[in-house]
>>> print(open('protein_13.cif').read())   # mmCIF, C-alpha atoms and all ligand atoms; chains and numbers go by the auth columns
data_entry
loop_
_atom_site.group_PDB
_atom_site.id
_atom_site.type_symbol
_atom_site.label_atom_id
_atom_site.label_comp_id
_atom_site.label_asym_id
_atom_site.label_seq_id
_atom_site.Cartn_x
_atom_site.Cartn_y
_atom_site.Cartn_z
_atom_site.B_iso_or_equiv
_atom_site.auth_seq_id
_atom_site.auth_asym_id
ATOM 1 C CA ARG A 1 20.913 14.895 -8.226 0.00 5 A
ATOM 2 C CA PRO A 2 17.133 14.325 -8.406 0.00 6 A
ATOM 3 C CA GLU A 3 14.713 17.024 -7.275 0.00 7 A
ATOM 4 C CA CYS A 4 14.694 17.949 -3.590 0.00 8 A
ATOM 5 C CA LYS A 5 11.786 16.603 -1.521 0.00 9 A
ATOM 6 C CA ILE A 6 11.135 17.711 2.034 0.00 10 A
ATOM 7 C CA ALA A 7 9.336 15.008 4.012 0.00 11 A
ATOM 8 C CA PRO A 8 8.200 15.964 7.518 0.00 12 A
ATOM 9 C CA SER A 9 8.022 12.877 9.743 0.00 13 A
ATOM 10 C CA ILE A 10 4.533 12.710 11.198 0.00 14 A
ATOM 11 C CA LEU A 11 5.977 10.668 14.076 0.00 15 A
ATOM 12 C CA SER A 12 6.464 14.073 15.701 0.00 16 A
ATOM 13 C CA ALA A 13 2.866 15.180 15.063 0.00 17 A
ATOM 14 C CA ASP A 14 -0.073 15.038 17.464 0.00 18 A
ATOM 15 C CA PHE A 15 -1.480 11.633 16.477 0.00 19 A
ATOM 16 C CA ALA A 16 -4.980 12.712 17.515 0.00 20 A
ATOM 17 C CA ARG A 17 -4.891 15.408 14.819 0.00 21 A
ATOM 18 C CA LEU A 18 -2.967 13.649 12.097 0.00 22 A
ATOM 19 C CA ALA A 19 -4.977 14.814 9.082 0.00 23 A
ATOM 20 C CA GLU A 20 -4.958 18.505 10.117 0.00 24 A
ATOM 21 C CA GLU A 21 -1.278 18.362 10.976 0.00 25 A
ATOM 22 C CA SER A 22 -0.453 16.681 7.667 0.00 26 A
ATOM 23 C CA LYS A 23 -2.418 19.318 5.754 0.00 27 A
ATOM 24 C CA ARG A 24 -0.663 22.040 7.702 0.00 28 A
ATOM 25 C CA MET A 25 2.716 20.624 6.657 0.00 29 A
ATOM 26 C CA ILE A 26 1.720 20.525 3.002 0.00 30 A
ATOM 27 C CA SER A 27 0.568 24.132 3.197 0.00 31 A
ATOM 28 C CA CYS A 28 3.970 24.962 4.753 0.00 32 A
ATOM 29 C CA GLY A 29 5.771 23.559 1.701 0.00 33 A
ATOM 30 C CA ALA A 30 6.214 19.849 2.483 0.00 34 A
ATOM 31 C CA ASP A 31 6.593 17.737 -0.671 0.00 35 A
ATOM 32 C CA TRP A 32 6.105 14.319 0.912 0.00 36 A
ATOM 33 C CA LEU A 33 4.844 12.984 4.257 0.00 37 A
ATOM 34 C CA HIS A 34 7.134 10.487 6.008 0.00 38 A
ATOM 35 C CA VAL A 35 5.160 7.822 7.874 0.00 39 A
ATOM 36 C CA ASP A 36 7.159 5.836 10.455 0.00 40 A
ATOM 37 C CA VAL A 37 5.728 2.346 10.868 0.00 41 A
ATOM 38 C CA MET A 38 7.160 0.352 13.795 0.00 42 A
ATOM 39 C CA ASP A 39 6.214 -3.167 14.847 0.00 43 A
ATOM 40 C CA GLY A 40 7.722 -3.323 18.354 0.00 44 A
ATOM 41 C CA HIS A 41 10.050 -6.086 17.122 0.00 45 A
ATOM 42 C CA PHE A 42 12.430 -4.663 14.522 0.00 46 A
ATOM 43 C CA VAL A 43 12.610 -1.570 16.742 0.00 47 A
ATOM 44 C CA PRO A 44 11.605 -1.172 20.409 0.00 48 A
ATOM 45 C CA ASN A 45 8.575 1.018 19.708 0.00 49 A
ATOM 46 C CA LEU A 46 5.044 0.728 18.319 0.00 50 A
ATOM 47 C CA THR A 47 3.490 3.352 16.087 0.00 51 A
ATOM 48 C CA ILE A 48 1.057 3.115 13.229 0.00 52 A
ATOM 49 C CA GLY A 49 0.039 0.674 10.540 0.00 53 A
ATOM 50 C CA ALA A 50 -1.914 0.383 7.311 0.00 54 A
ATOM 51 C CA PRO A 51 -5.307 1.426 8.797 0.00 55 A
ATOM 52 C CA VAL A 52 -3.860 4.842 9.666 0.00 56 A
ATOM 53 C CA VAL A 53 -2.354 5.173 6.198 0.00 57 A
ATOM 54 C CA LYS A 54 -5.794 4.384 4.790 0.00 58 A
ATOM 55 C CA SER A 55 -7.363 7.213 6.824 0.00 59 A
ATOM 56 C CA LEU A 56 -4.620 9.606 5.802 0.00 60 A
ATOM 57 C CA ARG A 57 -5.117 8.724 2.150 0.00 61 A
ATOM 58 C CA LYS A 58 -8.858 9.369 2.466 0.00 62 A
ATOM 59 C CA ASN A 59 -8.210 12.813 3.923 0.00 63 A
ATOM 60 C CA LEU A 60 -5.265 13.690 1.665 0.00 64 A
ATOM 61 C CA PRO A 61 -6.026 12.191 -1.739 0.00 65 A
ATOM 62 C CA ASP A 62 -3.031 13.773 -3.465 0.00 66 A
ATOM 63 C CA ALA A 63 -0.309 13.513 -0.800 0.00 67 A
ATOM 64 C CA PHE A 64 2.831 11.445 -1.389 0.00 68 A
ATOM 65 C CA LEU A 65 2.880 9.004 1.532 0.00 69 A
ATOM 66 C CA ASP A 66 6.443 7.786 2.099 0.00 70 A
ATOM 67 C CA CYS A 67 6.029 4.805 4.430 0.00 71 A
ATOM 68 C CA HIS A 68 9.164 3.782 6.361 0.00 72 A
ATOM 69 C CA LEU A 69 8.621 0.198 7.481 0.00 73 A
ATOM 70 C CA MET A 70 10.612 -0.535 10.607 0.00 74 A
ATOM 71 C CA VAL A 71 9.219 -4.061 10.745 0.00 75 A
ATOM 72 C CA SER A 72 10.822 -7.497 10.888 0.00 76 A
ATOM 73 C CA ASN A 73 8.713 -9.030 8.137 0.00 77 A
ATOM 74 C CA PRO A 74 8.306 -6.490 5.320 0.00 78 A
ATOM 75 C CA LYS A 75 6.750 -9.087 2.980 0.00 79 A
ATOM 76 C CA GLN A 76 3.765 -9.423 5.297 0.00 80 A
ATOM 77 C CA TRP A 77 2.554 -5.827 4.897 0.00 81 A
ATOM 78 C CA ILE A 78 3.095 -5.061 1.194 0.00 82 A
ATOM 79 C CA LEU A 79 -0.458 -5.657 0.019 0.00 83 A
ATOM 80 C CA ASP A 80 -2.022 -3.976 3.070 0.00 84 A
ATOM 81 C CA PHE A 81 -0.025 -0.819 2.453 0.00 85 A
ATOM 82 C CA ALA A 82 -0.678 -0.857 -1.281 0.00 86 A
ATOM 83 C CA LYS A 83 -4.425 -1.170 -0.642 0.00 87 A
ATOM 84 C CA ALA A 84 -4.282 1.541 2.011 0.00 88 A
ATOM 85 C CA GLY A 85 -2.846 3.970 -0.540 0.00 89 A
ATOM 86 C CA ALA A 86 0.849 4.180 0.384 0.00 90 A
ATOM 87 C CA SER A 87 2.936 5.853 -2.339 0.00 91 A
ATOM 88 C CA LEU A 88 6.312 4.384 -1.426 0.00 92 A
ATOM 89 C CA TYR A 89 7.160 1.243 0.561 0.00 93 A
ATOM 90 C CA ASN A 90 10.473 1.792 2.249 0.00 94 A
ATOM 91 C CA PHE A 91 11.675 -1.299 4.143 0.00 95 A
ATOM 92 C CA HIS A 92 14.913 -2.269 5.845 0.00 96 A
ATOM 93 C CA LEU A 93 17.738 -4.148 4.148 0.00 97 A
ATOM 94 C CA GLU A 94 18.676 -5.737 7.480 0.00 98 A
ATOM 95 C CA CYS A 95 15.440 -7.768 7.472 0.00 99 A
ATOM 96 C CA VAL A 96 16.774 -9.913 4.657 0.00 100 A
ATOM 97 C CA MET A 97 20.513 -9.362 4.603 0.00 101 A
ATOM 98 C CA ASP A 98 23.254 -9.883 7.162 0.00 102 A
ATOM 99 C CA ASP A 99 25.928 -10.879 4.659 0.00 103 A
ATOM 100 C CA ASN A 100 26.347 -9.183 1.291 0.00 104 A
ATOM 101 C CA THR A 101 28.008 -12.188 -0.326 0.00 105 A
ATOM 102 C CA ASN A 102 25.059 -14.512 0.247 0.00 106 A
ATOM 103 C CA GLU A 103 23.234 -15.206 -3.057 0.00 107 A
ATOM 104 C CA GLU A 104 20.103 -16.463 -1.348 0.00 108 A
ATOM 105 C CA GLN A 105 19.729 -13.223 0.557 0.00 109 A
ATOM 106 C CA ALA A 106 20.221 -11.165 -2.614 0.00 110 A
ATOM 107 C CA THR A 107 17.547 -13.243 -4.335 0.00 111 A
ATOM 108 C CA GLU A 108 15.164 -12.714 -1.434 0.00 112 A
ATOM 109 C CA LEU A 109 15.756 -8.962 -1.567 0.00 113 A
ATOM 110 C CA ARG A 110 15.088 -8.897 -5.324 0.00 114 A
ATOM 111 C CA SER A 111 11.869 -10.805 -4.890 0.00 115 A
ATOM 112 C CA LEU A 112 10.690 -8.326 -2.232 0.00 116 A
ATOM 113 C CA ILE A 113 11.614 -5.385 -4.469 0.00 117 A
ATOM 114 C CA ASN A 114 9.642 -6.916 -7.324 0.00 118 A
ATOM 115 C CA GLU A 115 6.666 -7.672 -5.110 0.00 119 A
ATOM 116 C CA VAL A 116 6.492 -4.038 -3.996 0.00 120 A
ATOM 117 C CA LYS A 117 6.721 -2.828 -7.596 0.00 121 A
ATOM 118 C CA ALA A 118 4.015 -5.248 -8.714 0.00 122 A
ATOM 119 C CA SER A 119 1.729 -3.852 -6.016 0.00 123 A
ATOM 120 C CA GLY A 120 1.958 -0.428 -7.662 0.00 124 A
ATOM 121 C CA MET A 121 4.000 1.339 -4.964 0.00 125 A
ATOM 122 C CA LYS A 122 7.425 2.861 -5.407 0.00 126 A
ATOM 123 C CA VAL A 123 10.162 0.975 -3.573 0.00 127 A
ATOM 124 C CA GLY A 124 12.750 2.203 -1.100 0.00 128 A
ATOM 125 C CA ILE A 125 15.379 0.414 0.970 0.00 129 A
ATOM 126 C CA SER A 126 16.443 1.746 4.360 0.00 130 A
ATOM 127 C CA ILE A 127 19.843 1.068 5.891 0.00 131 A
ATOM 128 C CA LYS A 128 20.665 1.363 9.592 0.00 132 A
ATOM 129 C CA PRO A 129 23.759 3.315 10.701 0.00 133 A
ATOM 130 C CA LYS A 130 25.965 0.211 10.957 0.00 134 A
ATOM 131 C CA THR A 131 25.009 -1.244 7.554 0.00 135 A
ATOM 132 C CA PRO A 132 27.623 -0.493 4.872 0.00 136 A
ATOM 133 C CA ALA A 133 26.485 1.574 1.865 0.00 137 A
ATOM 134 C CA GLU A 134 28.228 -0.942 -0.428 0.00 138 A
ATOM 135 C CA TRP A 135 25.587 -3.555 0.403 0.00 139 A
ATOM 136 C CA ILE A 136 22.854 -1.607 -1.400 0.00 140 A
ATOM 137 C CA VAL A 137 24.916 -0.483 -4.401 0.00 141 A
ATOM 138 C CA PRO A 138 24.212 -3.609 -6.563 0.00 142 A
ATOM 139 C CA PHE A 139 20.455 -2.929 -6.259 0.00 143 A
ATOM 140 C CA LEU A 140 20.349 0.806 -7.046 0.00 144 A
ATOM 141 C CA GLY A 141 19.113 0.271 -10.603 0.00 145 A
ATOM 142 C CA GLU A 142 16.096 -1.650 -9.287 0.00 146 A
ATOM 143 C CA ILE A 143 14.822 0.732 -6.617 0.00 147 A
ATOM 144 C CA ASP A 144 13.509 4.298 -6.370 0.00 148 A
ATOM 145 C CA MET A 145 15.144 5.352 -3.118 0.00 149 A
ATOM 146 C CA VAL A 146 17.711 4.530 -0.452 0.00 150 A
ATOM 147 C CA ASN A 147 17.001 5.804 3.063 0.00 151 A
ATOM 148 C CA VAL A 148 20.221 6.380 4.995 0.00 152 A
ATOM 149 C CA LEU A 149 19.374 6.338 8.701 0.00 153 A
ATOM 150 C CA THR A 150 21.422 8.913 10.580 0.00 154 A
ATOM 151 C CA VAL A 151 20.153 7.675 13.973 0.00 155 A
ATOM 152 C CA GLU A 152 19.344 4.180 15.278 0.00 156 A
ATOM 153 C CA PRO A 153 15.712 3.776 14.177 0.00 157 A
ATOM 154 C CA GLY A 154 12.925 3.683 16.747 0.00 158 A
ATOM 155 C CA PHE A 155 12.430 7.173 18.068 0.00 159 A
ATOM 156 C CA GLY A 156 12.235 10.790 16.930 0.00 160 A
ATOM 157 C CA GLY A 157 14.308 13.551 18.451 0.00 161 A
ATOM 158 C CA GLN A 158 17.695 11.776 18.547 0.00 162 A
ATOM 159 C CA LYS A 159 21.081 13.278 17.777 0.00 163 A
ATOM 160 C CA PHE A 160 22.292 13.300 14.146 0.00 164 A
ATOM 161 C CA MET A 161 25.249 10.913 13.607 0.00 165 A
ATOM 162 C CA SER A 162 27.546 13.050 11.476 0.00 166 A
ATOM 163 C CA ASP A 163 30.029 10.224 10.807 0.00 167 A
ATOM 164 C CA ILE A 164 27.301 8.176 9.060 0.00 168 A
ATOM 165 C CA VAL A 165 26.104 10.597 6.427 0.00 169 A
ATOM 166 C CA GLY A 166 29.211 10.032 4.249 0.00 170 A
ATOM 167 C CA LYS A 167 27.540 6.785 3.110 0.00 171 A
ATOM 168 C CA CYS A 168 25.357 8.975 0.862 0.00 172 A
ATOM 169 C CA LYS A 169 28.426 9.896 -1.159 0.00 173 A
ATOM 170 C CA ILE A 170 29.136 6.261 -2.054 0.00 174 A
ATOM 171 C CA ILE A 171 25.523 5.815 -3.134 0.00 175 A
ATOM 172 C CA ARG A 172 25.425 9.058 -5.132 0.00 176 A
ATOM 173 C CA GLU A 173 28.663 8.153 -6.909 0.00 177 A
ATOM 174 C CA ALA A 174 27.063 4.859 -7.933 0.00 178 A
ATOM 175 C CA SER A 175 23.770 6.415 -9.092 0.00 179 A
ATOM 176 C CA LYS A 176 22.804 9.880 -10.231 0.00 180 A
ATOM 177 C CA GLU A 177 19.111 8.974 -10.427 0.00 181 A
ATOM 178 C CA VAL A 178 18.248 7.195 -7.182 0.00 182 A
ATOM 179 C CA HIS A 179 16.574 9.261 -4.482 0.00 183 A
ATOM 180 C CA ILE A 180 18.792 9.430 -1.409 0.00 184 A
ATOM 181 C CA GLN A 181 16.885 10.069 1.780 0.00 185 A
ATOM 182 C CA VAL A 182 18.416 11.065 5.101 0.00 186 A
ATOM 183 C CA ASP A 183 16.411 10.275 8.212 0.00 187 A
ATOM 184 C CA GLY A 184 17.164 11.084 11.838 0.00 188 A
ATOM 185 C CA GLY A 185 18.262 14.263 13.557 0.00 189 A
ATOM 186 C CA VAL A 186 18.136 16.304 10.362 0.00 190 A
ATOM 187 C CA ALA A 187 17.673 20.009 11.097 0.00 191 A
ATOM 188 C CA PRO A 188 18.850 23.391 9.788 0.00 192 A
ATOM 189 C CA SER A 189 22.062 22.817 11.791 0.00 193 A
ATOM 190 C CA THR A 190 22.812 19.440 10.141 0.00 194 A
ATOM 191 C CA ILE A 191 21.351 19.817 6.638 0.00 195 A
ATOM 192 C CA ASP A 192 24.482 21.161 4.951 0.00 196 A
ATOM 193 C CA ALA A 193 26.368 17.952 5.779 0.00 197 A
ATOM 194 C CA CYS A 194 23.567 15.971 4.084 0.00 198 A
ATOM 195 C CA ALA A 195 23.336 18.218 1.045 0.00 199 A
ATOM 196 C CA ALA A 196 27.108 18.075 0.512 0.00 200 A
ATOM 197 C CA VAL A 197 27.064 14.284 0.035 0.00 201 A
ATOM 198 C CA GLY A 198 24.188 14.155 -2.442 0.00 202 A
ATOM 199 C CA ALA A 199 21.079 13.535 -0.328 0.00 203 A
ATOM 200 C CA ASN A 200 17.904 14.937 -1.903 0.00 204 A
ATOM 201 C CA VAL A 201 14.983 13.595 0.176 0.00 205 A
ATOM 202 C CA ILE A 202 15.046 15.185 3.575 0.00 206 A
ATOM 203 C CA VAL A 203 13.132 13.748 6.528 0.00 207 A
ATOM 204 C CA ALA A 204 12.767 15.907 9.606 0.00 208 A
ATOM 205 C CA GLY A 205 10.425 15.275 12.516 0.00 209 A
ATOM 206 C CA SER A 206 11.283 17.226 15.622 0.00 210 A
ATOM 207 C CA ALA A 207 13.012 20.045 13.709 0.00 211 A
ATOM 208 C CA ILE A 208 9.841 20.820 11.744 0.00 212 A
ATOM 209 C CA PHE A 209 7.049 19.939 14.187 0.00 213 A
ATOM 210 C CA GLY A 210 8.960 21.417 17.112 0.00 214 A
ATOM 211 C CA SER A 211 9.240 24.785 15.421 0.00 215 A
ATOM 212 C CA ASP A 212 6.650 27.540 15.637 0.00 216 A
ATOM 213 C CA LYS A 213 7.698 28.488 12.096 0.00 217 A
ATOM 214 C CA PRO A 214 7.702 25.157 10.212 0.00 218 A
ATOM 215 C CA GLN A 215 7.426 26.972 6.884 0.00 219 A
ATOM 216 C CA GLU A 216 10.777 28.648 7.521 0.00 220 A
ATOM 217 C CA VAL A 217 12.428 25.389 8.578 0.00 221 A
ATOM 218 C CA ILE A 218 11.188 23.664 5.419 0.00 222 A
ATOM 219 C CA ALA A 219 12.429 26.565 3.271 0.00 223 A
ATOM 220 C CA THR A 220 15.857 26.496 4.969 0.00 224 A
ATOM 221 C CA LEU A 221 16.239 22.740 4.426 0.00 225 A
ATOM 222 C CA LYS A 222 15.220 23.060 0.784 0.00 226 A
ATOM 223 C CA LYS A 223 17.534 25.977 0.138 0.00 227 A
ATOM 224 C CA SER A 224 20.531 24.035 1.428 0.00 228 A
ATOM 225 C CA VAL A 225 19.820 21.044 -0.821 0.00 229 A
ATOM 226 C CA GLU A 226 19.151 23.189 -3.887 0.00 230 A
ATOM 227 C CA ALA A 227 22.196 25.422 -3.358 0.00 231 A
HETATM 228 C C1 LIG B . 13.470 7.236 13.448 0.00 301 A
HETATM 229 C C2 LIG B . 12.499 7.583 12.337 0.00 301 A
HETATM 230 C C3 LIG B . 12.585 8.983 11.894 0.00 301 A
HETATM 231 C C4 LIG B . 12.194 10.011 12.936 0.00 301 A
HETATM 232 C C5 LIG B . 12.964 11.242 12.649 0.00 301 A
HETATM 233 O O1 LIG B . 13.202 5.930 13.810 0.00 301 A
HETATM 234 O O2 LIG B . 12.791 6.757 11.228 0.00 301 A
HETATM 235 O O3 LIG B . 11.804 9.176 10.720 0.00 301 A
HETATM 236 O O4 LIG B . 10.837 10.332 12.957 0.00 301 A
HETATM 237 O O5 LIG B . 12.716 12.160 13.660 0.00 301 A
HETATM 238 P P1 LIG B . 13.739 13.326 13.973 0.00 301 A
HETATM 239 O O6 LIG B . 13.797 14.195 12.765 0.00 301 A
HETATM 240 O O7 LIG B . 13.132 14.017 15.147 0.00 301 A
HETATM 241 O O8 LIG B . 15.058 12.688 14.274 0.00 301 A
HETATM 242 ZN ZN ZN B . 11.736 7.285 9.325 0.00 302 A
#
>>> encode(input="protein_13.cif", output="structure tokens")
Amino acid sequence: RPECKIAPSILSADFARLAEESKRMISCGADWLHVDVMDGHFVPNLTIGAPVVKSLRKNLPDAFLDCHLMVSNPKQWILDFAKAGASLYNFHLECVMDDNTNEEQATELRSLINEVKASGMKVGISIKPKTPAEWIVPFLGEIDMVNVLTVEPGFGGQKFMSDIVGKCKIIREASKEVHIQVDGGVAPSTIDACAAVGANVIVAGSAIFGSDKPQEVIATLKKSVEA
């Protein structure tokens, strides 16, 4: 599988101290920063947008900013995020697809993927717990990452859905190269289940920010994936 990346979700950080908290995570061993963008429509919560990513980029010129777009219209924000300095644009399959046999929907997805690539960002596709892994398989050669949500998106601190993570296995069997991200309720107690099915990009919000020893949590997560 590709190299392990630990991506603390800054949704669990103190938003008034985002740059310091982000730097602290990097000094604790974080590889990426996971930025949860919510529009109050695709999910019932509002968080941050491109202006915040721009400020983060200014303060952290070298950080890998993995932006998870929980928005209804991903096309609308591509250029804003590219200009703001996002590294990866990770949007939801469900915004364009509710039927995996519909050619028009597949074409729309491909055009979004290509638009993200043309903007210079890496491209990721997120799938909600109820979306079958098979729906993303035909596109694996065209994208950098699949994000397998292990909670219903919208909030940090929810319980890991252990019956969902098996979807990673289907994706890993179809591609050795694609990054597989797990997002939601991932912690030292749930990481082994993720590692066993081929996930390599590990998002954790509450487990890392809620710990007084984030460096140890990051090391534990990494060790499980690399074992
Ligand atoms: C959920 C977000 C997650 C969230 C994870 O909507 O996509 O990235 O921040 O938080 P934890 O690790 O606390 O479940
Ligand atoms: Zn997320």
>>> closest_residue(input="protein_13.cif", among="A:Gly202, A:Pro12, A:Pro55, A:Gly128", to="ligand LIG 301 (chain A)", atoms="all atoms listed in the file")
A:Pro12
>>> resolve_selection(input="protein_13.cif", expression="the PyMOL selection byres (((chain A and resi 200) around 12) and not hetatm)", output="list in words")
Arg5, Val169, Gly170, Lys171, Cys172, Lys173, Arg176, Thr194, Ile195, Asp196, Ala197, Cys198, Ala199, Val201, Gly202, Ala203, Asn204, Ser228, Val229, Glu230 and Ala231 of chain A
>>> write_last_selection(input="protein_13.cif", atoms="C-alpha atoms", output="JSON list (two decimals), in the frame of the given file")
[["chain", "number", "residue", "atom", "x", "y", "z"],
["A", 5, "ARG", "CA", 20.91, 14.90, -8.23],
["A", 169, "VAL", "CA", 26.10, 10.60, 6.43],
["A", 170, "GLY", "CA", 29.21, 10.03, 4.25],
["A", 171, "LYS", "CA", 27.54, 6.78, 3.11],
["A", 172, "CYS", "CA", 25.36, 8.98, 0.86],
["A", 173, "LYS", "CA", 28.43, 9.90, -1.16],
["A", 176, "ARG", "CA", 25.42, 9.06, -5.13],
["A", 194, "THR", "CA", 22.81, 19.44, 10.14],
["A", 195, "ILE", "CA", 21.35, 19.82, 6.64],
["A", 196, "ASP", "CA", 24.48, 21.16, 4.95],
["A", 197, "ALA", "CA", 26.37, 17.95, 5.78],
["A", 198, "CYS", "CA", 23.57, 15.97, 4.08],
["A", 199, "ALA", "CA", 23.34, 18.22, 1.04],
["A", 201, "VAL", "CA", 27.06, 14.28, 0.04],
["A", 202, "GLY", "CA", 24.19, 14.16, -2.44],
["A", 203, "ALA", "CA", 21.08, 13.54, -0.33],
["A", 204, "ASN", "CA", 17.90, 14.94, -1.90],
["A", 228, "SER", "CA", 20.53, 24.04, 1.43],
["A", 229, "VAL", "CA", 19.82, 21.04, -0.82],
["A", 230, "GLU", "CA", 19.15, 23.19, -3.89],
["A", 231, "ALA", "CA", 22.20, 25.42, -3.36]]
>>> closest_residue(input="protein_13.cif", among="A:Ile10, A:Met165, A:Ala208, A:Ile222", to="ligand ZN 302 (chain A)", atoms="only C-alpha atoms and all ligand atoms")
A:Ala208
>>> residues_near_ligand(input="protein_13.cif", ligand="ligand ZN 302 (chain A)", cutoff="10 Å", atoms="only C-alpha atoms and all ligand atoms", output="JSON list (two decimals) with C-alpha atoms, keeping the file's coordinate frame")
[["chain", "number", "residue", "atom", "x", "y", "z"],
["A", 11, "ALA", "CA", 9.34, 15.01, 4.01],
["A", 12, "PRO", "CA", 8.20, 15.96, 7.52],
["A", 13, "SER", "CA", 8.02, 12.88, 9.74],
["A", 14, "ILE", "CA", 4.53, 12.71, 11.20],
["A", 15, "LEU", "CA", 5.98, 10.67, 14.08],
["A", 38, "HIS", "CA", 7.13, 10.49, 6.01],
["A", 39, "VAL", "CA", 5.16, 7.82, 7.87],
["A", 40, "ASP", "CA", 7.16, 5.84, 10.46],
["A", 41, "VAL", "CA", 5.73, 2.35, 10.87],
["A", 42, "MET", "CA", 7.16, 0.35, 13.80],
["A", 70, "ASP", "CA", 6.44, 7.79, 2.10],
["A", 71, "CYS", "CA", 6.03, 4.80, 4.43],
["A", 72, "HIS", "CA", 9.16, 3.78, 6.36],
["A", 73, "LEU", "CA", 8.62, 0.20, 7.48],
["A", 74, "MET", "CA", 10.61, -0.54, 10.61],
["A", 94, "ASN", "CA", 10.47, 1.79, 2.25],
["A", 130, "SER", "CA", 16.44, 1.75, 4.36],
["A", 151, "ASN", "CA", 17.00, 5.80, 3.06],
["A", 152, "VAL", "CA", 20.22, 6.38, 5.00],
["A", 153, "LEU", "CA", 19.37, 6.34, 8.70],
["A", 154, "THR", "CA", 21.42, 8.91, 10.58],
["A", 155, "VAL", "CA", 20.15, 7.68, 13.97],
["A", 157, "PRO", "CA", 15.71, 3.78, 14.18],
["A", 158, "GLY", "CA", 12.92, 3.68, 16.75],
["A", 159, "PHE", "CA", 12.43, 7.17, 18.07],
["A", 160, "GLY", "CA", 12.24, 10.79, 16.93],
["A", 185, "GLN", "CA", 16.89, 10.07, 1.78],
["A", 186, "VAL", "CA", 18.42, 11.06, 5.10],
["A", 187, "ASP", "CA", 16.41, 10.28, 8.21],
["A", 188, "GLY", "CA", 17.16, 11.08, 11.84],
["A", 207, "VAL", "CA", 13.13, 13.75, 6.53],
["A", 208, "ALA", "CA", 12.77, 15.91, 9.61],
["A", 209, "GLY", "CA", 10.42, 15.28, 12.52]]
>>> axis_aligned_box(input="protein_13.cif", around="segment 224-227 of chain A", padding_each_side="6 Å", output="AutoDock Vina command-line options")
--center_x 16.4 --center_y 24.6 --center_z 2.6 --size_x 14.3 --size_y 15.8 --size_z 16.8
>>> atom_distance(input="protein_13.cif", atom1="atom CA of Gln80 of chain A", atom2="atom CA of Ser123 of chain A")
12.8 Å
>>> residues_around(input="protein_13.cif", residues="Met125 of chain A", least_positions_apart="5", cutoff="10 Å", atoms="only C-alpha atoms", output="PyMOL selection string")
chain A and resi 70+82-83+85-87+89-94+119-120
>>> closest_residue(input="protein_13.cif", among="A:Ala110, A:Val127, A:Ile147, A:Val47", to="ligand LIG 301 (chain A)", atoms="all atoms listed in the file")
A:Val47
>>> resolve_selection(input="protein_13.cif", expression="the PyMOL selection byres (((chain A and resi 137) around 9) and not hetatm)", output="PyMOL selection string")
chain A and resi 131+135-136+138-141+152+171-172+174-175
>>> atom_distance(input="protein_13.cif", atom1="atom CA of Phe95 of chain A", atom2="atom CA of Thr51 of chain A")
15.2 Å
>>> atom_distance(input="protein_13.cif", atom1="atom CA of Ala178 of chain A", atom2="atom CA of Glu7 of chain A")
17.3 Å
>>> closest_residue(input="protein_13.cif", among="A:Gln219, A:Ser210, A:Asn77, A:Ser166", to="ligand LIG 301 (chain A)", atoms="all atoms listed in the file")
A:Ser210
>>> residues_near_point(input="protein_13.cif", point="(9.4, 27.9, 8.4)", cutoff="12 Å", atoms="only C-alpha atoms", output="MDAnalysis selection string")
chainID A and resid 28:34 191:192 211:227
>>> closest_residue(input="protein_13.cif", among="A:Lys79, A:Glu177, A:Leu37, A:Pro133", to="Glu112 of chain A", atoms="all atoms listed in the file")
A:Lys79
>>> closest_residue(input="protein_13.cif", among="A:Phe46, A:Phe68, A:Phe143, A:Trp81", to="ligand LIG 301 (chain A)", atoms="all atoms listed in the file")
A:Phe46
>>> build_atoms(input="protein_13.cif", residues="segment 203-212 of chain A", atoms="N, CA and C atoms", output="mmCIF file, keeping the file's coordinate frame")
data_model
loop_
_atom_site.group_PDB
_atom_site.id
_atom_site.type_symbol
_atom_site.label_atom_id
_atom_site.label_comp_id
_atom_site.auth_asym_id
_atom_site.auth_seq_id
_atom_site.Cartn_x
_atom_site.Cartn_y
_atom_site.Cartn_z
ATOM 1 N N ALA A 203 22.447 13.879 -0.748
ATOM 2 C CA ALA A 203 21.079 13.535 -0.328
ATOM 3 C C ALA A 203 20.094 14.515 -0.956
ATOM 4 N N ASN A 204 18.909 14.027 -1.332
ATOM 5 C CA ASN A 204 17.904 14.937 -1.903
ATOM 6 C C ASN A 204 16.519 14.801 -1.285
ATOM 7 N N VAL A 205 16.276 13.726 -0.514
ATOM 8 C CA VAL A 205 14.983 13.595 0.176
ATOM 9 C C VAL A 205 15.244 13.745 1.673
ATOM 10 N N ILE A 206 14.684 14.788 2.225
ATOM 11 C CA ILE A 206 15.046 15.185 3.575
ATOM 12 C C ILE A 206 13.892 14.930 4.534
ATOM 13 N N VAL A 207 14.126 14.011 5.482
ATOM 14 C CA VAL A 207 13.132 13.748 6.528
ATOM 15 C C VAL A 207 13.505 14.586 7.743
ATOM 16 N N ALA A 208 12.516 15.226 8.335
ATOM 17 C CA ALA A 208 12.767 15.907 9.606
ATOM 18 C C ALA A 208 11.478 15.861 10.408
ATOM 19 N N GLY A 209 11.576 15.360 11.626
ATOM 20 C CA GLY A 209 10.425 15.275 12.516
ATOM 21 C C GLY A 209 10.444 16.401 13.516
ATOM 22 N N SER A 210 11.282 16.240 14.537
ATOM 23 C CA SER A 210 11.283 17.226 15.622
ATOM 24 C C SER A 210 11.672 18.622 15.143
ATOM 25 N N ALA A 211 12.582 18.713 14.159
ATOM 26 C CA ALA A 211 13.012 20.045 13.709
ATOM 27 C C ALA A 211 11.863 20.826 13.079
ATOM 28 N N ILE A 212 10.960 20.125 12.402
ATOM 29 C CA ILE A 212 9.841 20.820 11.744
ATOM 30 C C ILE A 212 8.658 20.977 12.699
#
